[in-house]
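Dropping entry-v6.pdb in here (PDB, C-alpha atoms):
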```
ATOM      1  CA  MET A   5      38.147 -20.603-142.182  1.00  0.00           C
ATOM      2  CA  ASN A   6      35.814 -23.102-140.557  1.00  0.00           C
ATOM      3  CA  GLU A   7      38.569 -24.547-138.426  1.00  0.00           C
ATOM      4  CA  HIS A   8      39.523 -21.127-137.201  1.00  0.00           C
ATOM      5  CA  GLU A   9      35.965 -20.301-136.224  1.00  0.00           C
ATOM      6  CA  ASP A  10      35.616 -23.611-134.334  1.00  0.00           C
ATOM      7  CA  PHE A  11      38.789 -22.916-132.414  1.00  0.00           C
ATOM      8  CA  SER A  12      37.604 -19.449-131.490  1.00  0.00           C
ATOM      9  CA  ARG A  13      34.316 -20.789-130.297  1.00  0.00           C
ATOM     10  CA  ILE A  14      36.071 -23.377-128.135  1.00  0.00           C
ATOM     11  CA  ASN A  15      38.284 -20.712-126.628  1.00  0.00           C
ATOM     12  CA  ARG A  16      35.344 -18.466-125.792  1.00  0.00           C
ATOM     13  CA  LYS A  17      33.568 -21.357-124.164  1.00  0.00           C
ATOM     14  CA  LYS A  18      36.651 -22.115-122.016  1.00  0.00           C
ATOM     15  CA  ARG A  19      36.968 -18.483-121.007  1.00  0.00           C
ATOM     16  CA  HIS A  20      33.308 -18.385-120.170  1.00  0.00           C
ATOM     17  CA  ASN A  21      33.577 -21.481-117.993  1.00  0.00           C
ATOM     18  CA  LYS A  22      36.597 -19.999-116.231  1.00  0.00           C
ATOM     19  CA  SER A  23      34.650 -16.794-115.566  1.00  0.00           C
ATOM     20  CA  ASN A  24      31.754 -18.766-114.156  1.00  0.00           C
ATOM     21  CA  ARG A  25      34.020 -20.755-111.861  1.00  0.00           C
ATOM     22  CA  PHE A  26      35.720 -17.586-110.652  1.00  0.00           C
ATOM     23  CA  LEU A  27      32.385 -15.920-110.072  1.00  0.00           C
ATOM     24  CA  ASN A  28      31.089 -18.956-108.193  1.00  0.00           C
ATOM     25  CA  ILE A  29      34.237 -18.957-106.041  1.00  0.00           C
ATOM     26  CA  MET A  30      33.814 -15.267-105.210  1.00  0.00           C
ATOM     27  CA  ILE A  31      30.158 -15.774-104.384  1.00  0.00           C
ATOM     28  CA  GLY A  32      31.116 -18.663-102.151  1.00  0.00           C
ATOM     29  CA  ILE A  33      33.734 -16.549-100.377  1.00  0.00           C
ATOM     30  CA  VAL A  34      31.234 -13.739 -99.872  1.00  0.00           C
ATOM     31  CA  VAL A  35      28.643 -16.159 -98.458  1.00  0.00           C
ATOM     32  CA  VAL A  36      31.251 -17.608 -96.072  1.00  0.00           C
ATOM     33  CA  LEU A  37      32.240 -14.118 -94.945  1.00  0.00           C
ATOM     34  CA  ILE A  38      28.599 -13.238 -94.443  1.00  0.00           C
ATOM     35  CA  LEU A  39      28.075 -16.380 -92.360  1.00  0.00           C
ATOM     36  CA  ILE A  40      31.202 -15.664 -90.291  1.00  0.00           C
ATOM     37  CA  VAL A  41      30.175 -12.063 -89.654  1.00  0.00           C
ATOM     38  CA  GLY A  42      26.627 -13.111 -88.826  1.00  0.00           C
ATOM     39  CA  ALA A  43      27.817 -15.814 -86.460  1.00  0.00           C
ATOM     40  CA  THR A  44      30.161 -13.330 -84.793  1.00  0.00           C
ATOM     41  CA  LEU A  45      27.368 -10.808 -84.333  1.00  0.00           C
ATOM     42  CA  ILE A  46      25.018 -13.442 -82.970  1.00  0.00           C
ATOM     43  CA  THR A  47      27.658 -14.890 -80.586  1.00  0.00           C
ATOM     44  CA  GLY A  48      28.737 -11.435 -79.472  1.00  0.00           C
ATOM     45  CA  GLY A  49      25.119 -10.452 -78.834  1.00  0.00           C
ATOM     46  CA  LYS A  50      24.515 -13.565 -76.780  1.00  0.00           C
ATOM     47  CA  ASN A  51      27.697 -12.974 -74.769  1.00  0.00           C
ATOM     48  CA  LYS A  52      26.719  -9.368 -74.229  1.00  0.00           C
ATOM     49  CA  GLY A  53      23.265 -10.479 -73.159  1.00  0.00           C
ATOM     50  CA  LYS A  54      24.788 -12.935 -70.720  1.00  0.00           C
ATOM     51  CA  LYS A  55      27.129 -10.236 -69.382  1.00  0.00           C
ATOM     52  CA  ASP A  56      24.232  -7.816 -69.052  1.00  0.00           C
ATOM     53  CA  ASP A  57      22.181 -10.495 -67.320  1.00  0.00           C
ATOM     54  CA  GLN A  58      25.074 -11.267 -64.981  1.00  0.00           C
ATOM     55  CA  ALA A  59      25.580  -7.587 -64.250  1.00  0.00           C
ATOM     56  CA  SER A  60      21.862  -7.188 -63.629  1.00  0.00           C
ATOM     57  CA  GLU A  61      21.877 -10.219 -61.342  1.00  0.00           C
ATOM     58  CA  GLU A  62      24.865  -8.791 -59.434  1.00  0.00           C
ATOM     59  CA  VAL A  63      23.152  -5.420 -59.057  1.00  0.00           C
ATOM     60  CA  THR A  64      19.961  -7.131 -57.910  1.00  0.00           C
ATOM     61  CA  THR A  65      21.914  -9.316 -55.484  1.00  0.00           C
ATOM     62  CA  ASP A  66      23.795  -6.305 -54.132  1.00  0.00           C
ATOM     63  CA  LYS A  67      20.539  -4.386 -53.777  1.00  0.00           C
ATOM     64  CA  GLN A  68      18.901  -7.305 -51.992  1.00  0.00           C
ATOM     65  CA  THR A  69      21.949  -7.612 -49.743  1.00  0.00           C
ATOM     66  CA  ASN A  70      21.874  -3.894 -48.995  1.00  0.00           C
ATOM     67  CA  ASP A  71      18.127  -3.997 -48.429  1.00  0.00           C
ATOM     68  CA  SER A  72      18.560  -7.006 -46.168  1.00  0.00           C
ATOM     69  CA  SER A  73      21.323  -5.249 -44.257  1.00  0.00           C
ATOM     70  CA  THR A  74      19.177  -2.138 -43.993  1.00  0.00           C
ATOM     71  CA  ASP A  75      16.203  -4.152 -42.771  1.00  0.00           C
ATOM     72  CA  GLU A  76      18.375  -6.001 -40.271  1.00  0.00           C
ATOM     73  CA  GLY A  77      19.857  -2.709 -39.118  1.00  0.00           C
ATOM     74  CA  ALA A  78      16.391  -1.193 -38.798  1.00  0.00           C
ATOM     75  CA  GLU A  79      15.167  -4.226 -36.891  1.00  0.00           C
ATOM     76  CA  ALA A  80      18.205  -4.021 -34.618  1.00  0.00           C
ATOM     77  CA  ASP A  81      17.583  -0.292 -34.053  1.00  0.00           C
ATOM     78  CA  ASP A  82      13.907  -0.980 -33.352  1.00  0.00           C
ATOM     79  CA  GLU A  83      14.838  -3.768 -30.939  1.00  0.00           C
ATOM     80  CA  THR A  84      17.366  -1.508 -29.194  1.00  0.00           C
ATOM     81  CA  SER A  85      14.805   1.287 -29.051  1.00  0.00           C
ATOM     82  CA  ARG A  86      12.178  -1.072 -27.624  1.00  0.00           C
ATOM     83  CA  GLN A  87      14.696  -2.359 -25.094  1.00  0.00           C
ATOM     84  CA  ASP A  88      15.616   1.191 -24.091  1.00  0.00           C
ATOM     85  CA  GLU A  89      11.938   2.060 -23.752  1.00  0.00           C
ATOM     86  CA  ASP A  90      11.381  -1.090 -21.680  1.00  0.00           C
ATOM     87  CA  ASP A  91      14.379  -0.225 -19.505  1.00  0.00           C
ATOM     88  CA  GLU A  92      13.129   3.316 -19.094  1.00  0.00           C
ATOM     89  CA  THR A  93       9.657   2.026 -18.353  1.00  0.00           C
ATOM     90  CA  ASP A  94      11.049  -0.533 -15.884  1.00  0.00           C
ATOM     91  CA  GLY A  95      13.265   2.093 -14.401  1.00  0.00           C
ATOM     92  CA  THR A  96      10.360   4.517 -14.167  1.00  0.00           C
ATOM     93  CA  SER A  97       8.095   1.822 -12.663  1.00  0.00           C
ATOM     94  CA  GLU A  98      10.714   0.891 -10.047  1.00  0.00           C
ATOM     95  CA  ASP A  99      11.318   4.548  -9.156  1.00  0.00           C
ATOM     96  CA  SER A 100       7.567   5.163  -8.800  1.00  0.00           C
ATOM     97  CA  ALA A 101       7.172   2.059  -6.619  1.00  0.00           C
ATOM     98  CA  LEU A 102      10.099   3.184  -4.463  1.00  0.00           C
ATOM     99  CA  GLU A 103       8.667   6.682  -4.126  1.00  0.00           C
ATOM    100  CA  ASP A 104       5.266   5.261  -3.226  1.00  0.00           C
ATOM    101  CA  GLU A 105       6.872   3.017  -0.629  1.00  0.00           C
ATOM    102  CA  GLU A 106       8.851   5.934   0.807  1.00  0.00           C
ATOM    103  CA  ASP A 107       5.721   8.080   0.872  1.00  0.00           C
ATOM    104  CA  ALA A 108       3.833   5.291   2.617  1.00  0.00           C
ATOM    105  CA  THR A 109       6.635   4.880   5.152  1.00  0.00           C
ATOM    106  CA  GLY A 110       6.781   8.620   5.736  1.00  0.00           C
ATOM    107  CA  SER A 111       3.035   8.700   6.298  1.00  0.00           C
ATOM    108  CA  LYS A 112       3.311   5.909   8.863  1.00  0.00           C
ATOM    109  CA  GLU A 113       5.983   7.872  10.685  1.00  0.00           C
ATOM    110  CA  GLU A 114       4.059  11.134  10.624  1.00  0.00           C
ATOM    111  CA  GLU A 115       0.376  10.321  10.391  1.00  0.00           C
ATOM    112  CA  GLN A 116      -1.744   7.235  11.017  1.00  0.00           C
ATOM    113  CA  ASP A 117      -5.409   7.256  10.071  1.00  0.00           C
ATOM    114  CA  THR A 118      -7.935   5.739  12.455  1.00  0.00           C
ATOM    115  CA  GLU A 119     -11.667   5.260  12.185  1.00  0.00           C
ATOM    116  CA  ALA A 120     -12.303   8.225  14.460  1.00  0.00           C
ATOM    117  CA  GLY A 121      -9.416  10.489  13.418  1.00  0.00           C
ATOM    118  CA  SER A 122      -5.697  10.578  12.759  1.00  0.00           C
ATOM    119  CA  VAL A 123      -2.553  10.304  14.841  1.00  0.00           C
ATOM    120  CA  THR A 124       0.282  12.668  13.995  1.00  0.00           C
ATOM    121  CA  ILE A 125       3.724  11.717  15.260  1.00  0.00           C
ATOM    122  CA  VAL A 126       6.423  14.371  15.116  1.00  0.00           C
ATOM    123  CA  PRO A 127      10.099  13.692  15.942  1.00  0.00           C
ATOM    124  CA  ASN A 128      11.460  16.195  18.461  1.00  0.00           C
ATOM    125  CA  ASP A 129      14.903  17.751  18.790  1.00  0.00           C
ATOM    126  CA  ASP A 130      14.572  17.938  22.556  1.00  0.00           C
ATOM    127  CA  ALA A 131      16.882  15.354  24.137  1.00  0.00           C
ATOM    128  CA  ILE A 132      14.245  14.243  26.659  1.00  0.00           C
ATOM    129  CA  ILE A 133      11.540  13.722  24.008  1.00  0.00           C
ATOM    130  CA  GLU A 134      11.475  10.701  21.718  1.00  0.00           C
ATOM    131  CA  GLU A 135       8.468  11.950  19.738  1.00  0.00           C
ATOM    132  CA  THR A 136       5.334  14.028  20.076  1.00  0.00           C
ATOM    133  CA  VAL A 137       1.892  12.565  19.389  1.00  0.00           C
ATOM    134  CA  VAL A 138      -1.336  14.356  18.493  1.00  0.00           C
ATOM    135  CA  ASN A 139      -4.482  12.257  18.074  1.00  0.00           C
ATOM    136  CA  THR A 140      -7.502  14.000  16.593  1.00  0.00           C
ATOM    137  CA  ALA A 141      -9.688  11.184  17.947  1.00  0.00           C
ATOM    138  CA  TRP A 142      -9.077  12.246  21.546  1.00  0.00           C
ATOM    139  CA  GLU A 143     -12.275  13.493  23.204  1.00  0.00           C
ATOM    140  CA  PRO A 144     -13.038  15.113  26.578  1.00  0.00           C
ATOM    141  CA  ILE A 145     -13.412  12.365  29.176  1.00  0.00           C
ATOM    142  CA  GLY A 146     -16.588  13.778  30.661  1.00  0.00           C
ATOM    143  CA  THR A 147     -17.026  15.379  34.095  1.00  0.00           C
ATOM    144  CA  GLU A 148     -19.054  15.264  37.280  1.00  0.00           C
ATOM    145  CA  GLN A 149     -18.350  18.947  37.876  1.00  0.00           C
ATOM    146  CA  SER A 150     -20.867  21.705  37.227  1.00  0.00           C
ATOM    147  CA  GLY A 151     -20.872  25.453  37.292  1.00  0.00           C
ATOM    148  CA  ALA A 152     -17.740  27.558  36.958  1.00  0.00           C
ATOM    149  CA  HIS A 153     -14.710  25.313  36.705  1.00  0.00           C
ATOM    150  CA  THR A 154     -11.775  25.664  39.061  1.00  0.00           C
ATOM    151  CA  SER A 155      -8.645  23.610  38.370  1.00  0.00           C
ATOM    152  CA  LYS A 156      -7.333  21.910  41.531  1.00  0.00           C
ATOM    153  CA  TYR A 157      -4.033  20.208  42.409  1.00  0.00           C
ATOM    154  CA  ASP A 158      -4.897  18.958  45.907  1.00  0.00           C
ATOM    155  CA  GLY A 159      -4.348  15.243  45.181  1.00  0.00           C
ATOM    156  CA  ASN A 160      -7.864  14.049  46.115  1.00  0.00           C
ATOM    157  CA  SER A 161     -10.524  16.313  44.536  1.00  0.00           C
ATOM    158  CA  VAL A 162     -12.878  15.335  41.697  1.00  0.00           C
ATOM    159  CA  ASP A 163     -10.992  17.665  39.360  1.00  0.00           C
ATOM    160  CA  TRP A 164      -7.674  16.056  40.316  1.00  0.00           C
ATOM    161  CA  ASN A 165      -8.994  12.563  39.737  1.00  0.00           C
ATOM    162  CA  GLU A 166     -10.494  13.600  36.387  1.00  0.00           C
ATOM    163  CA  LYS A 167      -7.059  14.888  35.372  1.00  0.00           C
ATOM    164  CA  LYS A 168      -5.554  11.484  36.207  1.00  0.00           C
ATOM    165  CA  LYS A 169      -8.277   9.770  34.198  1.00  0.00           C
ATOM    166  CA  ALA A 170      -7.640  11.991  31.143  1.00  0.00           C
ATOM    167  CA  ILE A 171      -3.877  11.345  31.337  1.00  0.00           C
ATOM    168  CA  ALA A 172      -4.354   7.568  31.451  1.00  0.00           C
ATOM    169  CA  TYR A 173      -6.821   7.816  28.539  1.00  0.00           C
ATOM    170  CA  ALA A 174      -4.195   9.554  26.381  1.00  0.00           C
ATOM    171  CA  THR A 175      -1.486   6.966  27.118  1.00  0.00           C
ATOM    172  CA  GLY A 176      -3.817   3.981  26.716  1.00  0.00           C
ATOM    173  CA  ILE A 177      -2.541   2.543  30.005  1.00  0.00           C
ATOM    174  CA  PRO A 178      -4.877   1.903  32.990  1.00  0.00           C
ATOM    175  CA  GLU A 179      -4.552   4.347  35.925  1.00  0.00           C
ATOM    176  CA  ASN A 180      -3.526   1.626  38.362  1.00  0.00           C
ATOM    177  CA  GLU A 181      -0.541   0.716  36.125  1.00  0.00           C
ATOM    178  CA  LEU A 182       0.824   4.268  36.056  1.00  0.00           C
ATOM    179  CA  ILE A 183       3.019   6.283  38.385  1.00  0.00           C
ATOM    180  CA  TYR A 184       1.870   9.909  38.449  1.00  0.00           C
ATOM    181  CA  TRP A 185       5.092  11.787  38.981  1.00  0.00           C
ATOM    182  CA  LYS A 186       3.557  15.208  38.727  1.00  0.00           C
ATOM    183  CA  ILE A 187       0.395  17.049  37.585  1.00  0.00           C
ATOM    184  CA  LYS A 188       0.877  20.779  37.264  1.00  0.00           C
ATOM    185  CA  ASN A 189      -0.569  23.934  35.784  1.00  0.00           C
ATOM    186  CA  GLY A 190      -0.177  24.081  31.998  1.00  0.00           C
ATOM    187  CA  GLY A 191       0.156  27.858  31.746  1.00  0.00           C
ATOM    188  CA  SER A 192      -3.457  28.881  32.341  1.00  0.00           C
ATOM    189  CA  PRO A 193      -6.291  27.971  34.765  1.00  0.00           C
ATOM    190  CA  GLN A 194      -7.882  25.678  32.183  1.00  0.00           C
ATOM    191  CA  LYS A 195      -4.707  23.819  31.103  1.00  0.00           C
ATOM    192  CA  SER A 196      -2.708  21.148  32.895  1.00  0.00           C
ATOM    193  CA  ILE A 197       0.344  18.942  32.297  1.00  0.00           C
ATOM    194  CA  GLY A 198       0.880  15.454  33.719  1.00  0.00           C
ATOM    195  CA  ILE A 199       4.155  13.474  33.840  1.00  0.00           C
ATOM    196  CA  VAL A 200       3.650   9.713  34.233  1.00  0.00           C
ATOM    197  CA  SER A 201       5.346   6.375  33.571  1.00  0.00           C
ATOM    198  CA  THR A 202       4.613   2.689  33.767  1.00  0.00           C
ATOM    199  CA  LYS A 203       5.622   1.117  37.059  1.00  0.00           C
ATOM    200  CA  ASP A 204       8.744  -0.371  35.463  1.00  0.00           C
ATOM    201  CA  LYS A 205       9.567   3.102  34.053  1.00  0.00           C
ATOM    202  CA  GLN A 206      10.000   1.678  30.552  1.00  0.00           C
ATOM    203  CA  GLN A 207       7.260   3.898  29.149  1.00  0.00           C
ATOM    204  CA  LYS A 208       7.316   7.572  30.056  1.00  0.00           C
ATOM    205  CA  TYR A 209       4.900  10.322  28.997  1.00  0.00           C
ATOM    206  CA  ARG A 210       4.127  13.996  29.364  1.00  0.00           C
ATOM    207  CA  VAL A 211       0.461  14.691  28.631  1.00  0.00           C
ATOM    208  CA  TYR A 212      -1.021  18.121  27.906  1.00  0.00           C
ATOM    209  CA  LEU A 213      -4.681  18.633  28.956  1.00  0.00           C
ATOM    210  CA  GLU A 214      -7.244  21.318  28.212  1.00  0.00           C
ATOM    211  CA  TRP A 215     -10.531  21.865  30.017  1.00  0.00           C
ATOM    212  CA  ILE A 216     -13.704  21.855  27.881  1.00  0.00           C
ATOM    213  CA  ASP A 217     -16.679  23.397  29.686  1.00  0.00           C
ATOM    214  CA  GLY A 218     -19.387  20.863  30.358  1.00  0.00           C
ATOM    215  CA  ALA A 219     -17.297  18.029  28.822  1.00  0.00           C
ATOM    216  CA  GLY A 220     -14.241  17.699  31.044  1.00  0.00           C
ATOM    217  CA  TRP A 221     -10.523  17.415  30.497  1.00  0.00           C
ATOM    218  CA  LYS A 222      -9.322  16.622  26.959  1.00  0.00           C
ATOM    219  CA  PRO A 223      -5.797  15.456  25.966  1.00  0.00           C
ATOM    220  CA  VAL A 224      -4.398  17.723  23.231  1.00  0.00           C
ATOM    221  CA  LYS A 225      -0.770  16.557  22.940  1.00  0.00           C
ATOM    222  CA  MET A 226       1.516  13.881  24.398  1.00  0.00           C
ATOM    223  CA  ASP A 227       5.314  13.618  24.506  1.00  0.00           C
ATOM    224  CA  LYS A 228       6.923  10.192  24.657  1.00  0.00           C
ATOM    225  CA  LEU A 229       9.873  10.802  26.980  1.00  0.00           C
ATOM    226  CA  THR A 230      13.349   9.297  26.872  1.00  0.00           C
ATOM    227  CA  THR A 231      14.012   9.994  30.546  1.00  0.00           C
ATOM    228  CA  LEU A 232      12.401  11.127  33.799  1.00  0.00           C
ATOM    229  CA  ASP A 233      15.587  12.891  34.836  1.00  0.00           C
ATOM    230  CA  PHE A 234      14.598  16.497  34.139  1.00  0.00           C
ATOM    231  CA  ASP A 235      13.034  19.414  35.999  1.00  0.00           C
ATOM    232  CA  TYR A 236       9.275  19.035  36.024  1.00  0.00           C
TER     233      TYR A 236
END
```

Can you give me the file's structure in the form of structure tokens?
Amino acid sequence: MNEHEDFSRINRKKRHNKSNRFLNIMIGIVVVLILIVGATLITGGKNKGKKDDQASEEVTTDKQTNDSSTDEGAEADDETSRQDEDDETDGTSEDSALEDEEDATGSKEEEQDTEAGSVTIVPNDDAIIEETVVNTAWEPIGTEQSGAHTSKYDGNSVDWNEKKKAIAYATGIPENELIYWKIKNGGSPQKSIGIVSTKDKQQKYRVYLEWIDGAGWKPVKMDKLTTLDFDY
């Protein structure tokens, strides 16, 4: 009886030890699995974080590249716009300068200001006339005559000589350097026309005179002639 009880006790103890070993093994396996799973989760999370970081960096890089391209494009557009504006401005400035120069040239051809008045020069379609000149500075030359004026074409009277003086005054050439080809009636008793030239016939003029009572003959218009070969 005692031997049997001892044997039973020994067997129970063995079974108990086996159970403990088995339980310890299972616990160990579970712990290992837990460690593996945990390590996998941690590694996967880190890899995901790295991937997310890389993706974020790529997006940021792409955005910066796009922004840079946009800025460069905007700068290029601004530069082109500024260049176009400069070209337009330069073009406008050059056109204005050219117009001003043309206006100035036209004024010189048509009107010349003087201290006492202005000289208007008008091209003429008449073949014998180079141009017609009107000078607002012209004044009556004065006269020695008094009373009612009578225009004379006798070649030696005071009135005749005053006509010659007025014609020379209009041309700016002294009387003794002119040939007086003809002095004739200008269409009324108080108007006369004189045709003259320099002695070498290089300068030829037709001068229109008007009598001003108490002041004498006044030039009112002068044609620069191209020829003396016409009916006057």

Neighbour list for Pro223 (chain A) as a PDB file with C-alpha atoms, keeping the file's coordinate frame, cut-off 10 Å, all atoms listed in the file, skip fewer than 5 positions in-chain:
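Contents of the output file result-v8.pdb:
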```pdb
ATOM      1  CA  VAL A 138      -1.336  14.356  18.493  1.00  0.00           C
ATOM      2  CA  ASN A 139      -4.482  12.257  18.074  1.00  0.00           C
ATOM      3  CA  THR A 140      -7.502  14.000  16.593  1.00  0.00           C
ATOM      4  CA  ALA A 141      -9.688  11.184  17.947  1.00  0.00           C
ATOM      5  CA  TRP A 142      -9.077  12.246  21.546  1.00  0.00           C
ATOM      6  CA  GLU A 143     -12.275  13.493  23.204  1.00  0.00           C
ATOM      7  CA  PRO A 144     -13.038  15.113  26.578  1.00  0.00           C
ATOM      8  CA  ILE A 145     -13.412  12.365  29.176  1.00  0.00           C
ATOM      9  CA  LYS A 167      -7.059  14.888  35.372  1.00  0.00           C
ATOM     10  CA  ALA A 170      -7.640  11.991  31.143  1.00  0.00           C
ATOM     11  CA  ILE A 171      -3.877  11.345  31.337  1.00  0.00           C
ATOM     12  CA  ALA A 172      -4.354   7.568  31.451  1.00  0.00           C
ATOM     13  CA  TYR A 173      -6.821   7.816  28.539  1.00  0.00           C
ATOM     14  CA  ALA A 174      -4.195   9.554  26.381  1.00  0.00           C
ATOM     15  CA  THR A 175      -1.486   6.966  27.118  1.00  0.00           C
ATOM     16  CA  LYS A 195      -4.707  23.819  31.103  1.00  0.00           C
ATOM     17  CA  SER A 196      -2.708  21.148  32.895  1.00  0.00           C
ATOM     18  CA  ILE A 197       0.344  18.942  32.297  1.00  0.00           C
ATOM     19  CA  VAL A 211       0.461  14.691  28.631  1.00  0.00           C
ATOM     20  CA  TYR A 212      -1.021  18.121  27.906  1.00  0.00           C
ATOM     21  CA  LEU A 213      -4.681  18.633  28.956  1.00  0.00           C
ATOM     22  CA  GLU A 214      -7.244  21.318  28.212  1.00  0.00           C
ATOM     23  CA  TRP A 215     -10.531  21.865  30.017  1.00  0.00           C
TER      24      TRP A 215
END
```

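Straight-line separation from CA of Tyr209 (chain A) to CA of Lys228 (chain A): 4.8 Å.
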
message: Expand the PyMOL selection byres ((chain A and resi 183) around 10) into the explicit residue set it covers here, and present it as a ChimeraX atom specification.
response: /A:179-182,184-186,199-205,208

- request: Pick out the closest residue to Asp233 (chain A) from this set: A:Pro127, A:Met30, A:Thr44, A:Ile132. Count only C-alpha atoms.
  value: A:Ile132

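What separates CA of Ile133 (chain A) from CA of Leu232 (chain A) is a distance of 10.2 Å.
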